[in-house]
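Source file upload.cif; content: mmCIF, C-alpha atoms and all ligand atoms.
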```
data_my_file
loop_
_atom_site.group_PDB
_atom_site.id
_atom_site.type_symbol
_atom_site.label_atom_id
_atom_site.label_comp_id
_atom_site.auth_asym_id
_atom_site.auth_seq_id
_atom_site.Cartn_x
_atom_site.Cartn_y
_atom_site.Cartn_z
ATOM 1 C CA MET Z 19 15.769 5.076 -87.123
ATOM 2 C CA GLY Z 20 17.954 3.013 -84.773
ATOM 3 C CA LYS Z 21 19.811 4.163 -81.703
ATOM 4 C CA VAL Z 22 23.273 3.755 -80.267
ATOM 5 C CA ILE Z 23 23.551 3.203 -76.530
ATOM 6 C CA ALA Z 24 26.945 3.408 -74.817
ATOM 7 C CA VAL Z 25 27.189 1.783 -71.395
ATOM 8 C CA HIS Z 26 29.906 3.568 -69.470
ATOM 9 C CA SER Z 27 31.079 4.169 -65.887
ATOM 10 C CA TYR Z 28 33.695 5.984 -63.868
ATOM 11 C CA LYS Z 29 35.115 2.914 -62.168
ATOM 12 C CA GLY Z 30 35.555 -0.690 -63.217
ATOM 13 C CA GLY Z 31 33.377 -3.469 -61.865
ATOM 14 C CA THR Z 32 30.202 -1.391 -61.766
ATOM 15 C CA GLY Z 33 28.316 -3.838 -63.991
ATOM 16 C CA LYS Z 34 28.742 -2.342 -67.481
ATOM 17 C CA THR Z 35 29.294 -5.680 -69.152
ATOM 18 C CA ILE Z 36 26.471 -7.496 -67.415
ATOM 19 C CA LEU Z 37 24.136 -4.585 -68.124
ATOM 20 C CA SER Z 38 25.203 -4.432 -71.790
ATOM 21 C CA ILE Z 39 24.600 -8.137 -72.381
ATOM 22 C CA ASN Z 40 21.261 -8.237 -70.585
ATOM 23 C CA LEU Z 41 19.957 -4.979 -72.054
ATOM 24 C CA ALA Z 42 20.822 -6.236 -75.512
ATOM 25 C CA ALA Z 43 19.056 -9.527 -74.745
ATOM 26 C CA ALA Z 44 16.004 -7.731 -73.312
ATOM 27 C CA LEU Z 45 15.710 -5.598 -76.467
ATOM 28 C CA VAL Z 46 15.992 -8.746 -78.606
ATOM 29 C CA LYS Z 47 13.196 -10.295 -76.511
ATOM 30 C CA HIS Z 48 11.140 -7.229 -77.433
ATOM 31 C CA GLY Z 49 11.621 -8.143 -81.089
ATOM 32 C CA LYS Z 50 14.458 -5.751 -81.904
ATOM 33 C CA LYS Z 51 17.487 -6.279 -84.111
ATOM 34 C CA VAL Z 52 20.423 -5.569 -81.821
ATOM 35 C CA CYS Z 53 24.192 -5.463 -82.184
ATOM 36 C CA LEU Z 54 26.232 -5.747 -78.991
ATOM 37 C CA MET Z 55 29.807 -4.476 -79.283
ATOM 38 C CA ASP Z 56 32.765 -4.941 -76.992
ATOM 39 C CA LEU Z 57 34.572 -1.599 -77.042
ATOM 40 C CA ASP Z 58 36.439 -2.416 -73.828
ATOM 41 C CA PHE Z 59 39.681 -3.163 -75.665
ATOM 42 C CA ARG Z 60 41.723 -3.106 -72.446
ATOM 43 C CA ALA Z 61 39.708 -5.800 -70.724
ATOM 44 C CA PRO Z 62 37.604 -7.570 -73.362
ATOM 45 C CA SER Z 63 34.915 -9.763 -71.787
ATOM 46 C CA LEU Z 64 32.201 -10.573 -74.296
ATOM 47 C CA SER Z 65 34.097 -13.343 -76.105
ATOM 48 C CA THR Z 66 34.481 -15.264 -72.837
ATOM 49 C CA LEU Z 67 31.046 -14.516 -71.420
ATOM 50 C CA LEU Z 68 29.255 -15.352 -74.667
ATOM 51 C CA LYS Z 69 31.524 -18.364 -75.184
ATOM 52 C CA VAL Z 70 32.754 -17.316 -78.599
ATOM 53 C CA GLU Z 71 36.454 -17.983 -78.091
ATOM 54 C CA LYS Z 72 37.497 -17.702 -81.722
ATOM 55 C CA ALA Z 73 36.567 -15.088 -84.272
ATOM 56 C CA ASP Z 74 37.954 -14.682 -87.776
ATOM 57 C CA TYR Z 75 37.984 -10.924 -87.356
ATOM 58 C CA TRP Z 76 37.661 -8.672 -84.321
ATOM 59 C CA LEU Z 77 36.526 -5.087 -83.847
ATOM 60 C CA ASN Z 78 40.242 -4.321 -83.451
ATOM 61 C CA ASP Z 79 40.706 -5.340 -87.109
ATOM 62 C CA TYR Z 80 37.813 -3.163 -88.214
ATOM 63 C CA LEU Z 81 39.207 -0.138 -86.358
ATOM 64 C CA ASN Z 82 42.655 -0.852 -87.823
ATOM 65 C CA GLY Z 83 41.157 -0.719 -91.307
ATOM 66 C CA ILE Z 84 41.949 -4.396 -92.005
ATOM 67 C CA CYS Z 85 38.378 -5.519 -92.740
ATOM 68 C CA GLY Z 86 34.799 -4.329 -93.123
ATOM 69 C CA ILE Z 87 32.250 -4.612 -90.305
ATOM 70 C CA ASP Z 88 30.473 -7.537 -92.030
ATOM 71 C CA LYS Z 89 33.474 -9.760 -91.368
ATOM 72 C CA VAL Z 90 33.410 -8.930 -87.640
ATOM 73 C CA LEU Z 91 29.769 -9.471 -86.757
ATOM 74 C CA ILE Z 92 28.753 -12.860 -85.362
ATOM 75 C CA ASP Z 93 25.108 -13.953 -85.403
ATOM 76 C CA LEU Z 94 24.079 -15.117 -81.912
ATOM 77 C CA THR Z 95 20.342 -14.986 -82.563
ATOM 78 C CA GLU Z 96 19.913 -18.637 -81.621
ATOM 79 C CA ARG Z 97 21.167 -17.818 -78.093
ATOM 80 C CA ILE Z 98 17.887 -15.926 -77.442
ATOM 81 C CA ARG Z 99 14.610 -17.791 -77.945
ATOM 82 C CA ASP Z 100 11.668 -15.912 -79.467
ATOM 83 C CA GLY Z 101 12.460 -12.386 -80.445
ATOM 84 C CA GLY Z 102 14.401 -10.255 -82.876
ATOM 85 C CA LYS Z 103 18.026 -10.709 -83.806
ATOM 86 C CA LEU Z 104 21.257 -10.567 -81.853
ATOM 87 C CA PHE Z 105 24.657 -9.920 -83.388
ATOM 88 C CA VAL Z 106 27.946 -9.272 -81.596
ATOM 89 C CA GLY Z 107 31.205 -7.566 -82.469
ATOM 90 C CA LEU Z 108 34.016 -8.791 -80.226
ATOM 91 C CA ALA Z 109 37.233 -7.239 -78.970
ATOM 92 C CA ASN Z 110 40.349 -9.375 -79.284
ATOM 93 C CA PRO Z 111 41.163 -10.657 -75.766
ATOM 94 C CA THR Z 112 44.758 -11.764 -76.431
ATOM 95 C CA THR Z 113 47.544 -10.012 -74.504
ATOM 96 C CA GLU Z 114 49.186 -9.011 -77.762
ATOM 97 C CA ALA Z 115 46.022 -7.309 -79.025
ATOM 98 C CA ILE Z 116 45.479 -5.490 -75.716
ATOM 99 C CA ARG Z 117 49.081 -4.250 -75.780
ATOM 100 C CA ASP Z 118 48.743 -3.214 -79.400
ATOM 101 C CA ILE Z 119 45.616 -1.150 -78.914
ATOM 102 C CA SER Z 120 46.911 0.417 -75.689
ATOM 103 C CA ALA Z 121 49.912 1.770 -77.601
ATOM 104 C CA LYS Z 122 47.878 3.662 -80.228
ATOM 105 C CA ASP Z 123 48.401 7.398 -80.545
ATOM 106 C CA ARG Z 124 45.942 10.229 -80.784
ATOM 107 C CA LYS Z 125 45.999 10.239 -84.546
ATOM 108 C CA TRP Z 126 44.978 6.572 -84.677
ATOM 109 C CA GLU Z 127 42.203 7.240 -82.157
ATOM 110 C CA MET Z 128 40.866 10.048 -84.339
ATOM 111 C CA ARG Z 129 40.767 7.700 -87.304
ATOM 112 C CA ALA Z 130 39.111 5.058 -85.119
ATOM 113 C CA LEU Z 131 36.384 7.573 -84.272
ATOM 114 C CA GLY Z 132 35.792 8.081 -87.980
ATOM 115 C CA ARG Z 133 35.442 4.341 -88.453
ATOM 116 C CA LEU Z 134 33.127 4.031 -85.460
ATOM 117 C CA LEU Z 135 30.875 6.745 -86.878
ATOM 118 C CA SER Z 136 30.854 5.025 -90.236
ATOM 119 C CA LEU Z 137 30.025 1.682 -88.559
ATOM 120 C CA ARG Z 138 27.123 3.430 -86.878
ATOM 121 C CA ASN Z 139 25.850 4.632 -90.240
ATOM 122 C CA THR Z 140 26.241 1.270 -91.954
ATOM 123 C CA LEU Z 141 24.519 -0.728 -89.236
ATOM 124 C CA LEU Z 142 21.645 1.680 -88.530
ATOM 125 C CA ASN Z 143 20.943 2.908 -92.053
ATOM 126 C CA ASP Z 144 21.939 0.065 -94.373
ATOM 127 C CA LYS Z 145 21.589 -3.046 -92.205
ATOM 128 C CA GLY Z 146 18.450 -1.994 -90.340
ATOM 129 C CA PHE Z 147 19.647 -2.477 -86.777
ATOM 130 C CA ASP Z 148 17.316 -1.022 -84.137
ATOM 131 C CA TYR Z 149 19.976 -0.757 -81.435
ATOM 132 C CA LEU Z 150 23.743 -0.847 -81.108
ATOM 133 C CA VAL Z 151 24.847 -1.442 -77.520
ATOM 134 C CA PHE Z 152 28.460 -0.450 -76.766
ATOM 135 C CA ASP Z 153 30.165 -1.996 -73.751
ATOM 136 C CA THR Z 154 33.058 0.342 -72.889
ATOM 137 C CA SER Z 155 36.157 0.736 -70.714
ATOM 138 C CA PRO Z 156 35.686 2.694 -67.495
ATOM 139 C CA GLY Z 157 36.902 6.253 -67.084
ATOM 140 C CA LEU Z 158 38.366 8.600 -69.621
ATOM 141 C CA GLN Z 159 40.034 6.131 -72.007
ATOM 142 C CA TYR Z 160 40.149 7.499 -75.520
ATOM 143 C CA SER Z 161 38.195 4.486 -76.808
ATOM 144 C CA SER Z 162 35.393 5.210 -74.329
ATOM 145 C CA ILE Z 163 35.251 8.848 -75.362
ATOM 146 C CA ASN Z 164 34.959 7.694 -78.974
ATOM 147 C CA ALA Z 165 32.105 5.380 -77.965
ATOM 148 C CA ILE Z 166 30.364 8.221 -76.116
ATOM 149 C CA VAL Z 167 30.760 10.599 -79.051
ATOM 150 C CA SER Z 168 29.200 7.996 -81.377
ATOM 151 C CA ALA Z 169 26.238 7.306 -79.079
ATOM 152 C CA ASP Z 170 22.736 8.766 -78.894
ATOM 153 C CA LEU Z 171 22.391 7.854 -75.250
ATOM 154 C CA VAL Z 172 24.899 7.133 -72.496
ATOM 155 C CA ILE Z 173 23.882 4.814 -69.696
ATOM 156 C CA VAL Z 174 26.191 5.358 -66.750
ATOM 157 C CA ALA Z 175 26.459 2.424 -64.384
ATOM 158 C CA SER Z 176 27.293 3.558 -60.887
ATOM 159 C CA THR Z 177 27.363 1.883 -57.502
ATOM 160 C CA LEU Z 178 26.714 3.741 -54.251
ATOM 161 C CA ASP Z 179 30.438 3.670 -53.511
ATOM 162 C CA LYS Z 180 31.590 7.204 -52.512
ATOM 163 C CA SER Z 181 34.467 7.393 -54.981
ATOM 164 C CA ASP Z 182 32.265 6.030 -57.756
ATOM 165 C CA VAL Z 183 29.506 8.554 -57.036
ATOM 166 C CA GLU Z 184 31.957 11.476 -56.937
ATOM 167 C CA GLY Z 185 33.631 10.336 -60.161
ATOM 168 C CA THR Z 186 30.281 9.894 -61.884
ATOM 169 C CA LYS Z 187 29.265 13.405 -60.839
ATOM 170 C CA ARG Z 188 32.452 14.819 -62.332
ATOM 171 C CA MET Z 189 31.971 12.914 -65.581
ATOM 172 C CA LEU Z 190 28.405 14.214 -65.900
ATOM 173 C CA LYS Z 191 29.689 17.775 -65.772
ATOM 174 C CA GLU Z 192 32.977 17.451 -67.582
ATOM 175 C CA LEU Z 193 32.326 14.721 -70.133
ATOM 176 C CA TYR Z 194 28.729 13.951 -71.066
ATOM 177 C CA ASP Z 195 27.494 17.538 -70.779
ATOM 178 C CA LEU Z 196 30.487 18.706 -72.771
ATOM 179 C CA PHE Z 197 29.446 16.463 -75.660
ATOM 180 C CA GLU Z 198 25.783 17.345 -75.036
ATOM 181 C CA LYS Z 199 24.933 13.690 -74.634
ATOM 182 C CA LYS Z 200 21.658 12.474 -73.331
ATOM 183 C CA THR Z 201 22.610 10.627 -70.146
ATOM 184 C CA ARG Z 202 20.817 8.239 -67.797
ATOM 185 C CA ILE Z 203 22.053 6.615 -64.595
ATOM 186 C CA VAL Z 204 21.672 3.006 -63.553
ATOM 187 C CA THR Z 205 22.481 2.556 -59.879
ATOM 188 C CA ASN Z 206 23.768 -0.979 -59.491
ATOM 189 C CA LYS Z 207 24.733 -3.318 -56.640
ATOM 190 C CA VAL Z 208 22.474 -1.557 -54.142
ATOM 191 C CA LEU Z 209 22.477 -2.966 -50.617
ATOM 192 C CA TYR Z 210 19.408 -1.947 -48.664
ATOM 193 C CA GLY Z 211 19.782 -0.968 -44.997
ATOM 194 C CA GLU Z 212 19.570 1.946 -42.567
ATOM 195 C CA ASN Z 213 19.563 4.910 -44.956
ATOM 196 C CA ILE Z 214 18.323 3.167 -48.032
ATOM 197 C CA LYS Z 215 15.080 1.334 -47.569
ATOM 198 C CA SER Z 216 13.534 1.215 -51.008
ATOM 199 C CA VAL Z 217 14.022 1.743 -54.734
ATOM 200 C CA LYS Z 218 12.168 5.021 -54.289
ATOM 201 C CA ASP Z 219 14.750 6.189 -51.719
ATOM 202 C CA VAL Z 220 17.606 5.440 -54.100
ATOM 203 C CA ARG Z 221 15.855 7.094 -57.039
ATOM 204 C CA SER Z 222 15.146 10.337 -55.201
ATOM 205 C CA GLN Z 223 18.584 10.495 -53.548
ATOM 206 C CA MET Z 224 20.422 9.804 -56.810
ATOM 207 C CA GLU Z 225 18.283 12.107 -58.904
ATOM 208 C CA GLU Z 226 19.013 14.941 -56.514
ATOM 209 C CA LEU Z 227 22.717 14.096 -56.449
ATOM 210 C CA TYR Z 228 23.205 13.743 -60.211
ATOM 211 C CA GLY Z 229 20.526 16.010 -61.623
ATOM 212 C CA VAL Z 230 19.697 13.480 -64.365
ATOM 213 C CA PRO Z 231 16.950 10.858 -64.478
ATOM 214 C CA ILE Z 232 17.602 7.419 -63.014
ATOM 215 C CA LEU Z 233 16.886 4.705 -65.558
ATOM 216 C CA GLY Z 234 17.097 1.803 -63.136
ATOM 217 C CA VAL Z 235 17.970 0.721 -59.625
ATOM 218 C CA ILE Z 236 19.432 -2.765 -59.306
ATOM 219 C CA PRO Z 237 20.034 -4.487 -55.987
ATOM 220 C CA CYS Z 238 23.138 -6.525 -55.339
ATOM 221 C CA PHE Z 239 21.966 -10.024 -56.232
ATOM 222 C CA CYS Z 240 23.996 -12.972 -54.942
ATOM 223 C CA ASP Z 241 22.600 -15.017 -57.863
ATOM 224 C CA VAL Z 242 24.147 -12.599 -60.340
ATOM 225 C CA SER Z 243 27.475 -12.717 -58.579
ATOM 226 C CA ARG Z 244 27.346 -16.494 -58.215
ATOM 227 C CA ALA Z 245 26.678 -17.017 -61.949
ATOM 228 C CA LYS Z 246 30.179 -15.575 -62.632
ATOM 229 C CA GLY Z 247 28.915 -14.052 -65.847
ATOM 230 C CA THR Z 248 28.125 -17.429 -67.417
ATOM 231 C CA LEU Z 249 24.372 -16.818 -67.667
ATOM 232 C CA ILE Z 250 22.388 -14.341 -69.702
ATOM 233 C CA PHE Z 251 19.815 -13.769 -66.970
ATOM 234 C CA VAL Z 252 17.235 -12.259 -69.313
ATOM 235 C CA GLU Z 253 17.256 -15.535 -71.282
ATOM 236 C CA ASP Z 254 18.314 -18.145 -68.753
ATOM 237 C CA LYS Z 255 16.463 -16.870 -65.650
ATOM 238 C CA PRO Z 256 13.228 -15.369 -67.001
ATOM 239 C CA ASP Z 257 11.565 -15.165 -63.564
ATOM 240 C CA HIS Z 258 14.477 -13.574 -61.731
ATOM 241 C CA PRO Z 259 13.962 -10.020 -60.365
ATOM 242 C CA PHE Z 260 17.129 -8.932 -62.231
ATOM 243 C CA THR Z 261 15.426 -9.951 -65.496
ATOM 244 C CA LYS Z 262 12.330 -7.979 -64.559
ATOM 245 C CA ILE Z 263 14.401 -4.824 -64.006
ATOM 246 C CA MET Z 264 16.192 -5.309 -67.355
ATOM 247 C CA ASP Z 265 12.848 -5.732 -69.082
ATOM 248 C CA GLU Z 266 11.589 -2.479 -67.523
ATOM 249 C CA ILE Z 267 14.729 -0.627 -68.606
ATOM 250 C CA ALA Z 268 14.338 -1.965 -72.165
ATOM 251 C CA THR Z 269 10.712 -0.779 -72.222
ATOM 252 C CA GLU Z 270 11.790 2.652 -70.977
ATOM 253 C CA LEU Z 271 14.494 2.852 -73.669
ATOM 254 C CA GLU Z 272 11.969 2.085 -76.383
ATOM 255 C CA LYS Z 273 9.745 4.899 -75.145
ATOM 256 C CA MET Z 274 12.602 7.405 -75.152
ATOM 257 C CA LYS Z 275 13.061 9.729 -78.059
ATOM 258 C CA VAL Z 276 16.753 10.386 -78.332
HETATM 259 N N1 LIG B 301 23.507 -6.326 -59.441
HETATM 260 C C1 LIG B 301 24.562 -7.129 -59.207
HETATM 261 N N2 LIG B 301 24.554 -7.970 -58.159
HETATM 262 C C2 LIG B 301 25.620 -8.782 -57.910
HETATM 263 N N3 LIG B 301 26.733 -8.827 -58.655
HETATM 264 C C3 LIG B 301 26.801 -7.994 -59.722
HETATM 265 C C4 LIG B 301 25.730 -7.113 -60.069
HETATM 266 N N4 LIG B 301 26.086 -6.434 -61.182
HETATM 267 C C5 LIG B 301 27.313 -6.876 -61.515
HETATM 268 N N5 LIG B 301 27.748 -7.809 -60.638
HETATM 269 C C6 LIG B 301 29.046 -8.530 -60.656
HETATM 270 O O1 LIG B 301 30.087 -7.587 -60.570
HETATM 271 C C7 LIG B 301 31.207 -7.990 -61.337
HETATM 272 C C8 LIG B 301 31.569 -6.895 -62.321
HETATM 273 O O2 LIG B 301 30.543 -6.796 -63.306
HETATM 274 P P1 LIG B 301 30.881 -6.392 -64.800
HETATM 275 O O3 LIG B 301 29.615 -6.387 -65.546
HETATM 276 O O4 LIG B 301 31.984 -7.232 -65.327
HETATM 277 O O5 LIG B 301 31.411 -4.901 -64.550
HETATM 278 P P2 LIG B 301 32.247 -3.937 -65.520
HETATM 279 O O6 LIG B 301 32.004 -4.400 -66.906
HETATM 280 O O7 LIG B 301 31.703 -2.579 -65.244
HETATM 281 O O8 LIG B 301 33.670 -4.037 -65.098
HETATM 282 C C9 LIG B 301 30.807 -9.295 -62.022
HETATM 283 O O9 LIG B 301 31.326 -10.350 -61.275
HETATM 284 C C10 LIG B 301 29.303 -9.273 -61.955
HETATM 285 O O10 LIG B 301 28.746 -10.559 -61.928
HETATM 286 MG MG MG B 302 33.269 -4.882 -68.459
#
```

Re-express the file's structure as structure tokens.
Ligand SMILES: Nc1ncnc2c1ncn2[C@@H]1O[C@H](COP(=O)(O)OP(=O)(O)O)[C@@H](O)[C@H]1O
Ligand SMILES: [Mg+2]
Amino acid sequence: MGKVIAVHSYKGGTGKTILSINLAAALVKHGKKVCLMDLDFRAPSLSTLLKVEKADYWLNDYLNGICGIDKVLIDLTERIRDGGKLFVGLANPTTEAIRDISAKDRKWEMRALGRLLSLRNTLLNDKGFDYLVFDTSPGLQYSSINAIVSADLVIVASTLDKSDVEGTKRMLKELYDLFEKKTRIVTNKVLYGENIKSVKDVRSQMEELYGVPILGVIPCFCDVSRAKGTLIFVEDKPDHPFTKIMDEIATELEKMKV
């Protein structure tokens, strides 16, 4: 039985999108059939980063009831050498589409949740996907809450920024616990120095702070920043330490029973 992983965070810019892409790629490398979905309808990124500028149908259309999920999914398997399969569902990045989805009311969002749950069923049960990876909007956007509700596991990307840490702590109590979601933290963009000398330091400090297990600790890598999102590190930079961390996280995810 497949699993749905939502990658979420309190603040923007914590690395959700980069983590989503590379985790999906790492799972594909492990032979899995993976569907990566852009549920960040307010700031869609996957179409640009994966260089798929045009799609016949977007996830927006699926959630609006205009088409089935088959029409939305794009096969990007050839982007990853040796492995399973990679499909993506993209969010429409045009200004008009962003405006349109931002203006939806609660009733629409409830219906969208129904469609998201049905998408989950179709892809995991009928189409045999091993993993769905949801890239989400930061904070308490309705669309993110829908993504969290539909997920088996929430990976929360957090930096060591004070406001980010405090916000993440609040969300653990008031959001993920409320929905009884299994939650794991990835601490990203870590700069080592005086107080933080090693991965072990970060792990123990964060575990104490959050009270949930830390799935990964990722340093701030200039190479990642410099690539401006144009590389899938797991595929394009197989020897990079970032790739090694992603591979370890993917292994850990496979071991987890959700
Ligand atoms: N570990 C890291 N080291 C350096 N830069 C990073 C790291 N993780 C993410 N970034 C950079 O931070 C920016 C925001 O990342 P992104 O994945 O778009 O965040 P989000 O989706 O949460 O807004 C991007 O420019 C990305 O390349
Ligand atoms: Mg993003």

**Report entry** Contacts with ligand MG 302 (chain B) at most 12 Å, only C-alpha atoms and all ligand atoms counted, listed as number ranges by chain
**Finding:** Z: 25-39, 55-67, 109, 152-157, 162, 175, 247

**Report entry** Given the PyMOL selection byres (((chain Z and resi 196-200) around 9) and not hetatm), the residues it picks as a ChimeraX atom specification
**Finding:** /Z:166-167,169-173,190-195,201-202,276

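For the pair CA of Ile236 in chain Z and CA of Asn206 in chain Z, the interatomic distance is 4.7 Å.
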
**Report entry** Reference answer for the PyMOL selection byres (((chain Z and resi 259) around 12) and not hetatm), as a ChimeraX atom specification
**Finding:** /Z:235-242,251-252,255-258,260-266

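Here CA of Ser216 in chain Z and atom P2 of ligand LIG 301 (chain B) stand 24.2 Å from one another.
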
Report task. List the neighbours of Trp126 in chain Z out to 12 Å using all atoms listed in the file; skip same-chain residues closer than 6 positions along the sequence, and give me the result as a ChimeraX atom specification. Result -> /Z:78,81-83,118-120,132-133,160-161,164

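Using only C-alpha atoms, the protein and nucleic acid residues lying at most 9 Å from the point (37.8, -16.5, -93.2) are Asp74, Tyr75 and Lys89 of chain Z.
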
Requested in this report: Could you state which residues are captured by the PyMOL selection byres (((chain Z and resi 228) around 10) and not hetatm) in this file, as an NGL selection string?
Outcome: :Z and (183-184 or 186-188 or 190-191 or 202-203 or 223-227 or 229-232)

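The smallest atom-to-atom distance between Val174 in chain Z and any of Z:Leu134, Z:Leu233, Z:Leu249, Z:Leu150, using only C-alpha atoms, is found for Z:Leu233.
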
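Across the model, the gap from CA of Asp88 in chain Z to CA of Ala115 in chain Z is 20.3 Å.
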
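Considering the residues Z:Ile84, Z:Leu178, Z:Ala73, Z:Leu94 and counting all atoms listed in the file, Leu54 in chain Z has its shortest atom-to-atom contact with Z:Leu94.
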
Every residue with an atom at most 7 Å from (16.9, -7.9, -83.1) (file coordinates; only C-alpha atoms) is what I'm after, so could you write them as a PDB file with C-alpha atoms, in the coordinates of the input?
```pdb
ATOM      1  CA  VAL Z  46      15.992  -8.746 -78.606  1.00  0.00           C
ATOM      2  CA  GLY Z  49      11.621  -8.143 -81.089  1.00  0.00           C
ATOM      3  CA  LYS Z  50      14.458  -5.751 -81.904  1.00  0.00           C
ATOM      4  CA  LYS Z  51      17.487  -6.279 -84.111  1.00  0.00           C
ATOM      5  CA  VAL Z  52      20.423  -5.569 -81.821  1.00  0.00           C
ATOM      6  CA  GLY Z 101      12.460 -12.386 -80.445  1.00  0.00           C
ATOM      7  CA  GLY Z 102      14.401 -10.255 -82.876  1.00  0.00           C
ATOM      8  CA  LYS Z 103      18.026 -10.709 -83.806  1.00  0.00           C
ATOM      9  CA  LEU Z 104      21.257 -10.567 -81.853  1.00  0.00           C
ATOM     10  CA  ASP Z 148      17.316  -1.022 -84.137  1.00  0.00           C
TER      11      ASP Z 148
END
```

Find the axis-aligned box for ligand LIG 301 (chain B), covering all its listed atoms and adding 3 Å on each side, and write its centre and edge lengths in Å to one decimal as lines of an AutoDock Vina configuration file.
```
center_x = 28.6
center_y = -6.6
center_z = -62.4
size_x = 16.2
size_y = 14.0
size_z = 15.0
```

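The residue that comes closest to ligand LIG 301 (chain B), out of Z:Ile250, Z:Ile92, Z:Leu271, Z:Met128 and on the basis of all atoms listed in the file, is Z:Ile250.
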
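Counting all atoms listed in the file, the residue from Z:Cys53, Z:Val208, Z:Leu131, Z:Ala44 that sits nearest to Lys145 in chain Z is Z:Cys53.
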
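Comparing the minimum interatomic distances between ligand LIG 301 (chain B) and each of Z:Lys215, Z:Gly107, Z:Thr248, Z:Cys85, counting all atoms listed in the file, we find that Z:Thr248 sits nearest.
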
Please complete range 68-81 of chain Z so it has N, CA and C atoms, and hand it over as a PDB file, keeping the file's coordinate frame.
```pdb
ATOM      1  N   LEU Z  68      30.199 -14.809 -73.684  1.00  0.00           N
ATOM      2  CA  LEU Z  68      29.255 -15.352 -74.667  1.00  0.00           C
ATOM      3  C   LEU Z  68      29.782 -16.649 -75.287  1.00  0.00           C
ATOM      4  N   LYS Z  69      30.915 -17.079 -74.777  1.00  0.00           N
ATOM      5  CA  LYS Z  69      31.524 -18.364 -75.184  1.00  0.00           C
ATOM      6  C   LYS Z  69      31.810 -18.442 -76.677  1.00  0.00           C
ATOM      7  N   VAL Z  70      32.276 -17.320 -77.216  1.00  0.00           N
ATOM      8  CA  VAL Z  70      32.754 -17.316 -78.599  1.00  0.00           C
ATOM      9  C   VAL Z  70      34.257 -17.074 -78.519  1.00  0.00           C
ATOM     10  N   GLU Z  71      35.021 -18.134 -78.377  1.00  0.00           N
ATOM     11  CA  GLU Z  71      36.454 -17.983 -78.091  1.00  0.00           C
ATOM     12  C   GLU Z  71      37.235 -17.565 -79.341  1.00  0.00           C
ATOM     13  N   LYS Z  72      36.754 -17.998 -80.492  1.00  0.00           N
ATOM     14  CA  LYS Z  72      37.497 -17.702 -81.722  1.00  0.00           C
ATOM     15  C   LYS Z  72      36.647 -16.875 -82.666  1.00  0.00           C
ATOM     16  N   ALA Z  73      37.253 -15.851 -83.237  1.00  0.00           N
ATOM     17  CA  ALA Z  73      36.567 -15.088 -84.272  1.00  0.00           C
ATOM     18  C   ALA Z  73      37.550 -14.920 -85.414  1.00  0.00           C
ATOM     19  N   ASP Z  74      37.050 -14.885 -86.639  1.00  0.00           N
ATOM     20  CA  ASP Z  74      37.954 -14.682 -87.776  1.00  0.00           C
ATOM     21  C   ASP Z  74      38.502 -13.258 -87.739  1.00  0.00           C
ATOM     22  N   TYR Z  75      37.593 -12.334 -87.448  1.00  0.00           N
ATOM     23  CA  TYR Z  75      37.984 -10.924 -87.356  1.00  0.00           C
ATOM     24  C   TYR Z  75      37.375 -10.300 -86.111  1.00  0.00           C
ATOM     25  N   TRP Z  76      38.088  -9.354 -85.544  1.00  0.00           N
ATOM     26  CA  TRP Z  76      37.661  -8.672 -84.321  1.00  0.00           C
ATOM     27  C   TRP Z  76      37.370  -7.205 -84.642  1.00  0.00           C
ATOM     28  N   LEU Z  77      36.740  -6.532 -83.681  1.00  0.00           N
ATOM     29  CA  LEU Z  77      36.526  -5.087 -83.847  1.00  0.00           C
ATOM     30  C   LEU Z  77      37.868  -4.363 -83.980  1.00  0.00           C
ATOM     31  N   ASN Z  78      38.902  -4.904 -83.322  1.00  0.00           N
ATOM     32  CA  ASN Z  78      40.242  -4.321 -83.451  1.00  0.00           C
ATOM     33  C   ASN Z  78      40.629  -4.222 -84.927  1.00  0.00           C
ATOM     34  N   ASP Z  79      40.341  -5.310 -85.685  1.00  0.00           N
ATOM     35  CA  ASP Z  79      40.706  -5.340 -87.109  1.00  0.00           C
ATOM     36  C   ASP Z  79      39.916  -4.299 -87.884  1.00  0.00           C
ATOM     37  N   TYR Z  80      38.632  -4.176 -87.543  1.00  0.00           N
ATOM     38  CA  TYR Z  80      37.813  -3.163 -88.214  1.00  0.00           C
ATOM     39  C   TYR Z  80      38.376  -1.759 -87.954  1.00  0.00           C
ATOM     40  N   LEU Z  81      38.696  -1.480 -86.687  1.00  0.00           N
ATOM     41  CA  LEU Z  81      39.207  -0.138 -86.358  1.00  0.00           C
ATOM     42  C   LEU Z  81      40.586   0.105 -86.974  1.00  0.00           C
TER      43      LEU Z  81
END
```
